[in-house]
2 protein chains.
Amino acid sequence: MNLFKKQNNFYRAGWITFLLVFALTAFFISCSDQQQEAAPAESDGGVSTGLPADASAIAAARNLTPDDIVAALKTYVPTGQHDDYIMFSSGGHAGQVFVIGLPSMRLLKTIGVFTPEPWQGWGYGSEETMAILNNGQADGEQTVMWGDTHHPALSETAGDYDGQYLFINDKAHARVAVIDLRDFETKQIIKNPIAINDHGGTFVTPDTDWVIEGGQYAAPLGWEYASLDEYAEDYRGMVTFWKFDRDSGRIDYDASFAMELPPYWQDLCDAGKRVSEGWVFCNSFNTEMATGGIESGEPPFEAGASQRDMDYLHVINMDKAIGVAAAGQTIEVNGFPVISLDTSVAEGLLYFIPEPKSPHGVDITPGGEYMVISGKLDPHTTVFSFEKIQAAIADGNFETDQYGVPILDFDAVLEAQIELGLGPLHTQFDDKGYAYTSLFLESTVARWALGGPYGEMHEEEDWSLVGKQSVHYNVGHIAAAEGDTVSPDGTYLVSLNKWAVDRFANVGPLLPQNFQLIDIGSPGEQMQLLYDMPIGVGEPHYAQIIKGDKLSPWEVYPEIGWDPGIQAVNPEAPMSGEEKVVRNGNEVEIWMTAVRSHFTPEHVEINQGDHVIWHITNVERAYDATHGFSLPGYNIQLSLEPGETATFEFDATEDGVFSYYCSEFCSALHLEMVGYLLVKP
Amino acid sequence: MNLFKKQNNFYRAGWITFLLVFALTAFFISCSDQQQEAAPAESDGGVSTGLPADASAIAAARNLTPDDIVAALKTYVPTGQHDDYIMFSSGGHAGQVFVIGLPSMRLLKTIGVFTPEPWQGWGYGSEETMAILNNGQADGEQTVMWGDTHHPALSETAGDYDGQYLFINDKAHARVAVIDLRDFETKQIIKNPIAINDHGGTFVTPDTDWVIEGGQYAAPLGWEYASLDEYAEDYRGMVTFWKFDRDSGRIDYDASFAMELPPYWQDLCDAGKRVSEGWVFCNSFNTEMATGGIESGEPPFEAGASQRDMDYLHVINMDKAIGVAAAGQTIEVNGFPVISLDTSVAEGLLYFIPEPKSPHGVDITPGGEYMVISGKLDPHTTVFSFEKIQAAIADGNFETDQYGVPILDFDAVLEAQIELGLGPLHTQFDDKGYAYTSLFLESTVARWALGGPYGEMHEEEDWSLVGKQSVHYNVGHIAAAEGDTVSPDGTYLVSLNKWAVDRFANVGPLLPQNFQLIDIGSPGEQMQLLYDMPIGVGEPHYAQIIKGDKLSPWEVYPEIGWDPGIQAVNPEAPMSGEEKVVRNGNEVEIWMTAVRSHFTPEHVEINQGDHVIWHITNVERAYDATHGFSLPGYNIQLSLEPGETATFEFDATEDGVFSYYCSEFCSALHLEMVGYLLVKP
């Protein structure tokens, strides 16, 4: 039963209004765009032979130093021009991903991932987004609506970022999310069934066949209760290999598996590349298996987990592990296949290398030859050789740890140790044979010269410190342009500083972090600090930086009625002229469209207690013609991009008059884009 | 019963580690700070007589025009220096407030308001934040966890921003929030008991005695069900006056009241100032009382609400209304005092002035003499004189609308009409006798010369268009530095453009908005576009800009054990050395402290089914030494700024092993700042 009374001329009149307003708007957009077009730079005139007459005076008035002026000119992106690089940054315990342009360091977008975010309609009613968030829940009564995003990983083809997908983990709950870079929206969240938290993820293999998620704080597999007194026996670490299906753009849960690891706290991982492709490297801390207990007079974790000089780099033969898992040599934990530690040992899947204690970051050189590890409490960075690792494994003369895992001889696999300074943490690479390591305690970024095949790319001594750049303050990760690929760009590096202290205007006791952009384009000692970007929207951990021209997102959804949940037209999507309200018992189903500047229908009258299923399509095709849909009182907020369709359901528990309206300022008559939901008591 | 076994040397050992790490960190911070100190500008040397040698080459290589170079130099804020102005922007349906520095246009902070945000621990378990969010709920079964923030208002003293408080409304649910600018945190959310949505708020009176919240889409008072067929009889508009108690920093609900208004859709309001202090002005649209119904062949709202040439500016004698409310001449709606429309008419509280249809923004000149209104569909902006309004009221020769409200004669109160262009919307002011009006359809900002006492401040003809600045695209509100005060600064103006289209790198179908910074420091035609800031984190509506030196937030909370909910020390706050776990039946209460880099206790063992009350104090005093507290699986995430204490409660429904950890990267041993919650089945 269609509850509409009639369709007549007024409907068409609405369209005429819309067309007029739209045409007028389009005219002025194109018009003002021309007025504002940047004058071409005078190649041999104003710009190259002289700066504008008032430039010196402005610089003097603002107390800009020569370095400041250079930095300003290197980072300013004029109106209407686009940034060269796009950085995808984790949002830390904000649970989101931030999209930032370089060199301007402007926040272009936040992407809702583990935390609901109403601007983008993420987790506020739409069936698509609620299903993704619900899929990310563990069994039980609790619902978790935030995450602690740590390490984003761009999809790769042959070891280079390809701009198709982005992955990111949730440390707090051991989850992995998949973001589709056609529409910059989260498409999948998977809860790891064997661990309650993670850290060493996400990292992808060179063709994105696998997404790696390493563990963090040991717990019994499946995080079932066991006393800490039984730590060595019952607690375990893990690494999980998620199979990624590029065609569907989803992780294939059923084709994925994990490996049981000793209850050391696995930290960051990295996938081998080129010569080391097929292997995975994860470092660890707390190989002491300290269990804390400061309140009972035991050493606190910070002390207990720092007693030994060495922890273990985990060297994993991933290709072989895939075969072992495929052969069914697994146990099941919560129904998920896990290669037991005994099997890993028996099959030669896992080796350890002593590494300076409490490292953060194992970083593989662009050609895959070396594994760079920095123990936070050791002033050196340590470089292992993949070739030597292979030789040591072939040699087969091992000691083992208490779980029987072979320990390779440190000296046999060591390539170099370079003294960098205090608190070395994470390493990135460029195209000139340099590596860059963050030094947390010093608040510097060290540039150092690689050896081996990289030695001929620079003029410095192999494996030597070249220079340092001060940063403010307490740098965690660093991210270089295309820095995790087989061919880094060597243009920019961003220092992800954890403390800002006095660097920005005081905004209360909770401070932003400070992302500092550094020009690493010149060889030798010189690096130049270009820009300080406060991160007042979360607590990022790691970021990856991709060339902007590798991304080609949709401007609008490809067709009207597009369902971003399936990246295809939804055959049930409401279309113009087919809007209706249908009652079936106490279930009411609504098919609605949105266009500048009205919803159809504008009245929805139902009864208290009805169950309501509501579909809306934004039938616009114009770039940026997004409509929001807000239904007050029922926690419903959608963002409908041009062409998008969405569905939400609710029980009409509250009676009264509720004005639904367009929440995205869409046109001169945006405020008039409203309708009334009437719920009869 | 304290469950701890003993306290011994290891506890002190932890402190020693902390002190060493902290001292080292502090040393390097101070050290690297000195290295990085900006060289003083050479006042008669390098800077003023010549720019750096490579500046021209960099500008040429990056195709910067002379205008771009000037803009870069005017907006770049060197490392460690602070922005001159702070802009507080609404976040639209993100539900938050954004804090942005000018001229750099950097996002310094988001403030969680109506939407939970875990980075700042807003709405993820802490008793304080949950109580504020819960207080903002309407009665009924539904819980709303987002808002549509629209118009921020800084507290004022004698008509000038004083930097103490910020207010903001939630259009979707008719709510008002209070933010304390000592810690930049939301302290109160109030649900309006008579309306389901609002728009014309928040605006403050010159000494912040009252916070004004005007309505939007008419509904029966209390949004009770009534058929749209009874629109004229049963639906109503409203304006609410919230009494603000500066000492407690809270709205005093019991001292507040509202006024019933006709079911026109009230839009923006503004408080009178100086000569017009004590009066309030709200404009309106849909005085046609159109009820939509496109699906039934009725005119859609966009057409129906645009039929008449004039809507009504509401002129409200607020001072008199306060007296009427205080005298008890009110009715009650949901227990809240409301001055009925009949009483308003009888007491002379409310007058109408015809205004060009569908206006957005009624803006009072700095001296309070004029009310500036722009009808979006009229190319003129219209200026009414407060003096003439008073004379017309005194004259007493009115027509009335159908509700008996006196309508002042348009010509009698008109001061001027200035033809500006297409789609005029919102007006701001400077210190040179100019007004600025956004033109939505043209995508420009018009500068025009005021008359009256402002005429002698400029050289142009009074009440005349002076110049225009193109913006990109579709500007909604504009915000000028100190623009809503009695003494605007006349330095910067920000154009809050609703569409970005092609201005930034494509980040998928949902685009950022574009804030454009405009230099309005020079008189005459010239304005200069300085900067494009993408807003990729929400959909702002309005902003206010305050001089940075008017703000003096706390760097850390004043004392250890500080409870931001009461802005005082909480006597129950856990203190160092007094940590404990106490069981009482199946209720377990935990007193915990956090310091770099451990929690005390590190083990909490409870039984499934226990009810848990958990207190934590961050006992740090160092600037920026925030600790997060994440409890996976139970949706708990706190942000504990130095000195802060917080409490959360939960039922231990899930058994297993849960690693709680510090989610804010606090030190070199941050990863070791962890503990185990063991829930026995």
# chains A, B, ... in the order shown; residues from 1 in each chain; ligands from 1
>>> select_by_dssp(residues="segment 30-245 of chain A", states="helix (DSSP H, G or I)", output="MDAnalysis selection string")
chainID A and resid 30:36 46:49 55:61 66:75 127:135 221:223 228:234
>>> residues_around(residues="segment 459-474 of chain A", least_positions_apart="5", cutoff="8 Å", atoms="only C-alpha atoms", output="PDB file with N, CA and C atoms, in the first residue's frame")
ATOM      1  N   ALA A 416      76.088  -4.884  10.757  1.00  0.00           N
ATOM      2  CA  ALA A 416      76.704  -3.654  11.259  1.00  0.00           C
ATOM      3  C   ALA A 416      75.981  -3.186  12.509  1.00  0.00           C
ATOM      4  N   GLN A 417      76.680  -2.414  13.312  1.00  0.00           N
ATOM      5  CA  GLN A 417      76.043  -1.657  14.396  1.00  0.00           C
ATOM      6  C   GLN A 417      76.537  -0.229  14.306  1.00  0.00           C
ATOM      7  N   ILE A 418      75.640   0.695  14.365  1.00  0.00           N
ATOM      8  CA  ILE A 418      75.991   2.100  14.189  1.00  0.00           C
ATOM      9  C   ILE A 418      75.540   2.856  15.421  1.00  0.00           C
ATOM     10  N   GLU A 419      76.441   3.596  16.039  1.00  0.00           N
ATOM     11  CA  GLU A 419      76.065   4.362  17.233  1.00  0.00           C
ATOM     12  C   GLU A 419      75.354   5.634  16.797  1.00  0.00           C
ATOM     13  N   LEU A 420      74.091   5.748  17.153  1.00  0.00           N
ATOM     14  CA  LEU A 420      73.285   6.880  16.683  1.00  0.00           C
ATOM     15  C   LEU A 420      72.970   7.872  17.792  1.00  0.00           C
ATOM     16  N   LEU A 439      65.157   9.119  17.294  1.00  0.00           N
ATOM     17  CA  LEU A 439      65.794   8.960  18.609  1.00  0.00           C
ATOM     18  C   LEU A 439      64.891   9.617  19.636  1.00  0.00           C
ATOM     19  N   PHE A 440      64.144   8.786  20.338  1.00  0.00           N
ATOM     20  CA  PHE A 440      63.099   9.274  21.239  1.00  0.00           C
ATOM     21  C   PHE A 440      63.664  10.158  22.346  1.00  0.00           C
ATOM     22  N   LEU A 441      64.714   9.688  23.006  1.00  0.00           N
ATOM     23  CA  LEU A 441      65.207  10.419  24.184  1.00  0.00           C
ATOM     24  C   LEU A 441      65.953  11.688  23.801  1.00  0.00           C
ATOM     25  N   GLU A 442      66.577  11.687  22.653  1.00  0.00           N
ATOM     26  CA  GLU A 442      67.302  12.868  22.198  1.00  0.00           C
ATOM     27  C   GLU A 442      66.404  13.886  21.522  1.00  0.00           C
ATOM     28  N   SER A 443      65.225  13.437  21.081  1.00  0.00           N
ATOM     29  CA  SER A 443      64.380  14.264  20.215  1.00  0.00           C
ATOM     30  C   SER A 443      65.156  14.707  18.967  1.00  0.00           C
ATOM     31  N   THR A 444      65.676  13.720  18.271  1.00  0.00           N
ATOM     32  CA  THR A 444      66.314  13.998  16.978  1.00  0.00           C
ATOM     33  C   THR A 444      65.945  12.894  15.994  1.00  0.00           C
ATOM     34  N   VAL A 445      66.179  13.191  14.730  1.00  0.00           N
ATOM     35  CA  VAL A 445      66.143  12.169  13.688  1.00  0.00           C
ATOM     36  C   VAL A 445      67.567  12.065  13.142  1.00  0.00           C
ATOM     37  N   ALA A 446      68.107  10.854  13.174  1.00  0.00           N
ATOM     38  CA  ALA A 446      69.466  10.641  12.678  1.00  0.00           C
ATOM     39  C   ALA A 446      69.412  10.169  11.228  1.00  0.00           C
ATOM     40  N   ARG A 447      70.284  10.745  10.405  1.00  0.00           N
ATOM     41  CA  ARG A 447      70.475  10.220   9.047  1.00  0.00           C
ATOM     42  C   ARG A 447      71.773   9.429   9.066  1.00  0.00           C
ATOM     43  N   TRP A 448      71.734   8.252   8.539  1.00  0.00           N
ATOM     44  CA  TRP A 448      72.962   7.447   8.496  1.00  0.00           C
ATOM     45  C   TRP A 448      73.074   6.742   7.154  1.00  0.00           C
ATOM     46  N   ALA A 449      74.320   6.412   6.809  1.00  0.00           N
ATOM     47  CA  ALA A 449      74.609   5.855   5.489  1.00  0.00           C
ATOM     48  C   ALA A 449      74.562   4.337   5.547  1.00  0.00           C
ATOM     49  N   LEU A 450      73.799   3.759   4.626  1.00  0.00           N
ATOM     50  CA  LEU A 450      73.741   2.309   4.514  1.00  0.00           C
ATOM     51  C   LEU A 450      74.996   1.804   3.812  1.00  0.00           C
ATOM     52  N   GLY A 451      75.249   0.518   3.990  1.00  0.00           N
ATOM     53  CA  GLY A 451      76.354  -0.105   3.266  1.00  0.00           C
ATOM     54  C   GLY A 451      75.825  -1.090   2.228  1.00  0.00           C
ATOM     55  N   GLY A 452      76.645  -2.064   1.895  1.00  0.00           N
ATOM     56  CA  GLY A 452      76.246  -3.065   0.912  1.00  0.00           C
ATOM     57  C   GLY A 452      75.931  -2.390  -0.409  1.00  0.00           C
ATOM     58  N   SER A 495      58.277  13.507  11.079  1.00  0.00           N
ATOM     59  CA  SER A 495      58.633  13.058  12.416  1.00  0.00           C
ATOM     60  C   SER A 495      57.373  13.113  13.269  1.00  0.00           C
ATOM     61  N   ASN A 497      56.092  13.285  16.428  1.00  0.00           N
ATOM     62  CA  ASN A 497      56.537  13.569  17.796  1.00  0.00           C
ATOM     63  C   ASN A 497      55.390  13.397  18.776  1.00  0.00           C
ATOM     64  N   LYS A 498      55.693  12.707  19.874  1.00  0.00           N
ATOM     65  CA  LYS A 498      54.632  12.361  20.814  1.00  0.00           C
ATOM     66  C   LYS A 498      54.290  13.505  21.757  1.00  0.00           C
ATOM     67  N   TRP A 499      55.232  14.362  22.028  1.00  0.00           N
ATOM     68  CA  TRP A 499      54.974  15.486  22.926  1.00  0.00           C
ATOM     69  C   TRP A 499      55.113  16.794  22.147  1.00  0.00           C
ATOM     70  N   ALA A 500      54.257  17.753  22.454  1.00  0.00           N
ATOM     71  CA  ALA A 500      54.348  19.080  21.838  1.00  0.00           C
ATOM     72  C   ALA A 500      54.826  20.121  22.857  1.00  0.00           C
ATOM     73  N   VAL A 501      54.477  19.919  24.118  1.00  0.00           N
ATOM     74  CA  VAL A 501      54.819  20.840  25.207  1.00  0.00           C
ATOM     75  C   VAL A 501      54.473  22.278  24.793  1.00  0.00           C
ATOM     76  N   ARG A 503      55.131  23.984  21.942  1.00  0.00           N
ATOM     77  CA  ARG A 503      55.287  24.341  20.523  1.00  0.00           C
ATOM     78  C   ARG A 503      54.082  25.054  19.939  1.00  0.00           C
ATOM     79  N   ASN A 514      52.822  16.594  17.667  1.00  0.00           N
ATOM     80  CA  ASN A 514      53.442  17.493  16.699  1.00  0.00           C
ATOM     81  C   ASN A 514      54.062  16.678  15.566  1.00  0.00           C
ATOM     82  N   GLN A 516      56.253  16.901  12.441  1.00  0.00           N
ATOM     83  CA  GLN A 516      57.178  17.861  11.815  1.00  0.00           C
ATOM     84  C   GLN A 516      57.615  17.343  10.453  1.00  0.00           C
ATOM     85  N   GLY A 524      74.079  14.453   2.328  1.00  0.00           N
ATOM     86  CA  GLY A 524      75.008  14.917   3.359  1.00  0.00           C
ATOM     87  C   GLY A 524      74.305  15.244   4.657  1.00  0.00           C
ATOM     88  N   GLU A 525      74.935  16.141   5.415  1.00  0.00           N
ATOM     89  CA  GLU A 525      74.430  16.420   6.760  1.00  0.00           C
ATOM     90  C   GLU A 525      73.093  17.135   6.777  1.00  0.00           C
ATOM     91  N   GLN A 526      72.842  17.924   5.710  1.00  0.00           N
ATOM     92  CA  GLN A 526      71.733  18.853   5.771  1.00  0.00           C
ATOM     93  C   GLN A 526      70.348  18.219   5.647  1.00  0.00           C
ATOM     94  N   MET A 527      69.548  18.428   6.662  1.00  0.00           N
ATOM     95  CA  MET A 527      68.106  18.192   6.555  1.00  0.00           C
ATOM     96  C   MET A 527      67.470  19.496   6.999  1.00  0.00           C
ATOM     97  N   GLN A 528      66.302  19.813   6.484  1.00  0.00           N
ATOM     98  CA  GLN A 528      65.694  21.067   6.924  1.00  0.00           C
ATOM     99  C   GLN A 528      64.285  20.857   7.470  1.00  0.00           C
ATOM    100  N   LEU A 529      64.088  21.358   8.669  1.00  0.00           N
ATOM    101  CA  LEU A 529      62.751  21.327   9.258  1.00  0.00           C
ATOM    102  C   LEU A 529      61.877  22.343   8.530  1.00  0.00           C
TER     103      LEU A 529
ATOM    104  N   THR B  25      64.935  12.826  29.570  1.00  0.00           N
ATOM    105  CA  THR B  25      64.027  13.413  28.591  1.00  0.00           C
ATOM    106  C   THR B  25      64.034  14.925  28.716  1.00  0.00           C
ATOM    107  N   ILE B  29      65.022  17.639  25.951  1.00  0.00           N
ATOM    108  CA  ILE B  29      64.047  18.623  25.494  1.00  0.00           C
ATOM    109  C   ILE B  29      64.656  20.012  25.582  1.00  0.00           C
ATOM    110  N   SER B  32      67.593  20.347  22.996  1.00  0.00           N
ATOM    111  CA  SER B  32      67.276  20.475  21.579  1.00  0.00           C
ATOM    112  C   SER B  32      66.479  21.751  21.339  1.00  0.00           C
ATOM    113  N   ASP B  33      65.803  22.203  22.375  1.00  0.00           N
ATOM    114  CA  ASP B  33      65.066  23.444  22.251  1.00  0.00           C
ATOM    115  C   ASP B  33      66.022  24.591  21.947  1.00  0.00           C
ATOM    116  N   GLN B  35      69.023  24.342  20.633  1.00  0.00           N
ATOM    117  CA  GLN B  35      69.583  24.197  19.287  1.00  0.00           C
ATOM    118  C   GLN B  35      68.650  24.779  18.236  1.00  0.00           C
ATOM    119  N   GLN B  36      67.340  24.590  18.510  1.00  0.00           N
ATOM    120  CA  GLN B  36      66.372  24.889  17.474  1.00  0.00           C
ATOM    121  C   GLN B  36      65.873  26.325  17.539  1.00  0.00           C
TER     122      GLN B  36
END
>>> residues_around(residues="Pro424 of chain B", least_positions_apart="2", cutoff="9 Å", atoms="only C-alpha atoms", output="ChimeraX atom specification")
/B:359-360,373-381,420-422,426-427,437-442,445-446
>>> write_last_selection(atoms="C-alpha atoms", output="PDB file, in the first residue's frame")
ATOM      1  CA  PRO B 359      17.308  35.340   5.712  1.00  0.00           C
ATOM      2  CA  HIS B 360      20.235  33.671   7.463  1.00  0.00           C
ATOM      3  CA  ILE B 373      19.688  41.199   7.710  1.00  0.00           C
ATOM      4  CA  SER B 374      20.285  39.450   4.396  1.00  0.00           C
ATOM      5  CA  GLY B 375      17.516  37.528   2.702  1.00  0.00           C
ATOM      6  CA  LYS B 376      19.180  34.765   0.739  1.00  0.00           C
ATOM      7  CA  LEU B 377      16.911  35.330  -2.242  1.00  0.00           C
ATOM      8  CA  ASP B 378      17.280  39.132  -2.313  1.00  0.00           C
ATOM      9  CA  PRO B 379      20.489  40.732  -3.678  1.00  0.00           C
ATOM     10  CA  HIS B 380      20.350  43.455  -1.031  1.00  0.00           C
ATOM     11  CA  THR B 381      21.401  43.486   2.538  1.00  0.00           C
ATOM     12  CA  LEU B 420      25.579  43.361  -2.721  1.00  0.00           C
ATOM     13  CA  GLY B 421      24.951  40.439  -5.051  1.00  0.00           C
ATOM     14  CA  LEU B 422      23.416  36.985  -5.142  1.00  0.00           C
ATOM     15  CA  HIS B 426      25.870  36.520   7.047  1.00  0.00           C
ATOM     16  CA  THR B 427      27.593  39.731   8.095  1.00  0.00           C
ATOM     17  CA  THR B 437      28.695  39.872   3.957  1.00  0.00           C
ATOM     18  CA  SER B 438      29.001  36.369   2.543  1.00  0.00           C
ATOM     19  CA  LEU B 439      27.306  35.780  -0.814  1.00  0.00           C
ATOM     20  CA  PHE B 440      26.486  32.097  -1.101  1.00  0.00           C
ATOM     21  CA  LEU B 441      25.428  31.966  -4.738  1.00  0.00           C
ATOM     22  CA  GLU B 442      28.226  34.184  -6.006  1.00  0.00           C
ATOM     23  CA  VAL B 445      32.638  37.996   0.348  1.00  0.00           C
ATOM     24  CA  ALA B 446      31.470  41.584  -0.085  1.00  0.00           C
TER      25      ALA B 446
END
>>> atom_distance(atom1="atom CA of Glu302 of chain A", atom2="atom CA of Ile636 of chain B")
22.9 Å
>>> select_by_dssp(residues="segment 258-458 of chain B", states="strand (DSSP E or B)", output="VMD selection string")
chain B and resid 258 to 261 265 to 271 279 to 285 310 to 317 331 to 333 336 to 339 350 to 356 359 to 364 370 to 375 380 to 385 399 to 400 406 to 407 414 to 419 424 to 429 434 to 439 444 to 449
>>> residues_around(residues="Glu369 of chain B", least_positions_apart="6", cutoff="12 Å", atoms="only C-alpha atoms", output="list in words")
Ala271, Gly272, Lys273, Arg274, Val275, Ser276, Glu277, Trp279, Asp363, Val383, Phe384, Ser385, Phe386, Glu387, Lys388, Ile389, Gln390, Val413, Glu415, Leu450, Gly451, Gly452, Pro453, Tyr454 and Val486 of chain B
>>> residues_around(residues="Val494 of chain B", least_positions_apart="3", cutoff="12 Å", atoms="only C-alpha atoms", output="ChimeraX atom specification")
/B:85-89,100-105,427-428,436-438,444-445,469,471-472,475-483,490-491,497,514-520,527-533,541-545
>>> residues_around(residues="segment 611-615 of chain A", least_positions_apart="2", cutoff="8 Å", atoms="only C-alpha atoms", output="ChimeraX atom specification")
/A:573-574,586-592,609,617,645-652
>>> write_last_selection(atoms="C-alpha atoms", output="tab-separated table (two decimals), in the first residue's frame")
chain	number	residue	atom	x	y	z
A	573	ALA	CA	17.67	1.51	-3.84
A	574	PRO	CA	14.90	4.13	-4.03
A	586	ASN	CA	3.34	-2.84	12.31
A	587	GLU	CA	6.30	-2.71	9.96
A	588	VAL	CA	6.64	0.43	7.86
A	589	GLU	CA	9.09	0.59	4.98
A	590	ILE	CA	10.09	3.90	3.40
A	591	TRP	CA	11.72	4.53	0.05
A	592	MET	CA	13.02	8.11	-0.03
A	609	GLY	CA	5.70	0.82	18.38
A	617	THR	CA	19.11	7.52	-2.17
A	645	THR	CA	21.93	4.73	-1.10
A	646	ALA	CA	21.62	3.69	2.54
A	647	THR	CA	19.18	1.86	4.77
A	648	PHE	CA	18.51	2.10	8.49
A	649	GLU	CA	16.00	0.51	10.83
A	650	PHE	CA	14.59	1.46	14.19
A	651	ASP	CA	11.73	0.80	16.56
A	652	ALA	CA	9.54	3.86	16.98
>>> residues_around(residues="Phe244 of chain B", least_positions_apart="5", cutoff="7 Å", atoms="only C-alpha atoms", output="PDB file with C-alpha atoms, in the first residue's frame")
ATOM      1  CA  THR B 208      27.172  36.462  29.512  1.00  0.00           C
ATOM      2  CA  ASP B 209      24.292  36.648  31.930  1.00  0.00           C
ATOM      3  CA  TRP B 210      22.157  34.823  29.390  1.00  0.00           C
ATOM      4  CA  VAL B 211      22.783  32.299  26.644  1.00  0.00           C
ATOM      5  CA  ARG B 250      27.175  26.179  34.597  1.00  0.00           C
ATOM      6  CA  ILE B 251      23.835  27.113  33.134  1.00  0.00           C
ATOM      7  CA  ASP B 252      21.306  27.447  35.935  1.00  0.00           C
TER       8      ASP B 252
END
>>> closest_residue(among="A:Gln513, A:Gln137, A:Asn63, A:Thr186", to="chain B", atoms="only C-alpha atoms")
A:Asn63
>>> closest_residue(among="A:Ser597, A:Asn618, A:Asn197, A:Thr79", to="Ala303 of chain B", atoms="only C-alpha atoms")
A:Ser597
>>> closest_residue(among="B:His603, B:His199, B:His458, B:Lys109", to="Asp183 of chain B", atoms="only C-alpha atoms")
B:Lys109
>>> atom_distance(atom1="atom CA of Ser90 of chain B", atom2="atom CA of Ala172 of chain B")
13.5 Å
>>> closest_residue(among="B:Gly201, B:Gly433, B:Gly396, B:Pro642", to="chain A", atoms="only C-alpha atoms")
B:Pro642
>>> atom_distance(atom1="atom CA of Lys191 of chain B", atom2="atom CA of Phe281 of chain B")
22.5 Å
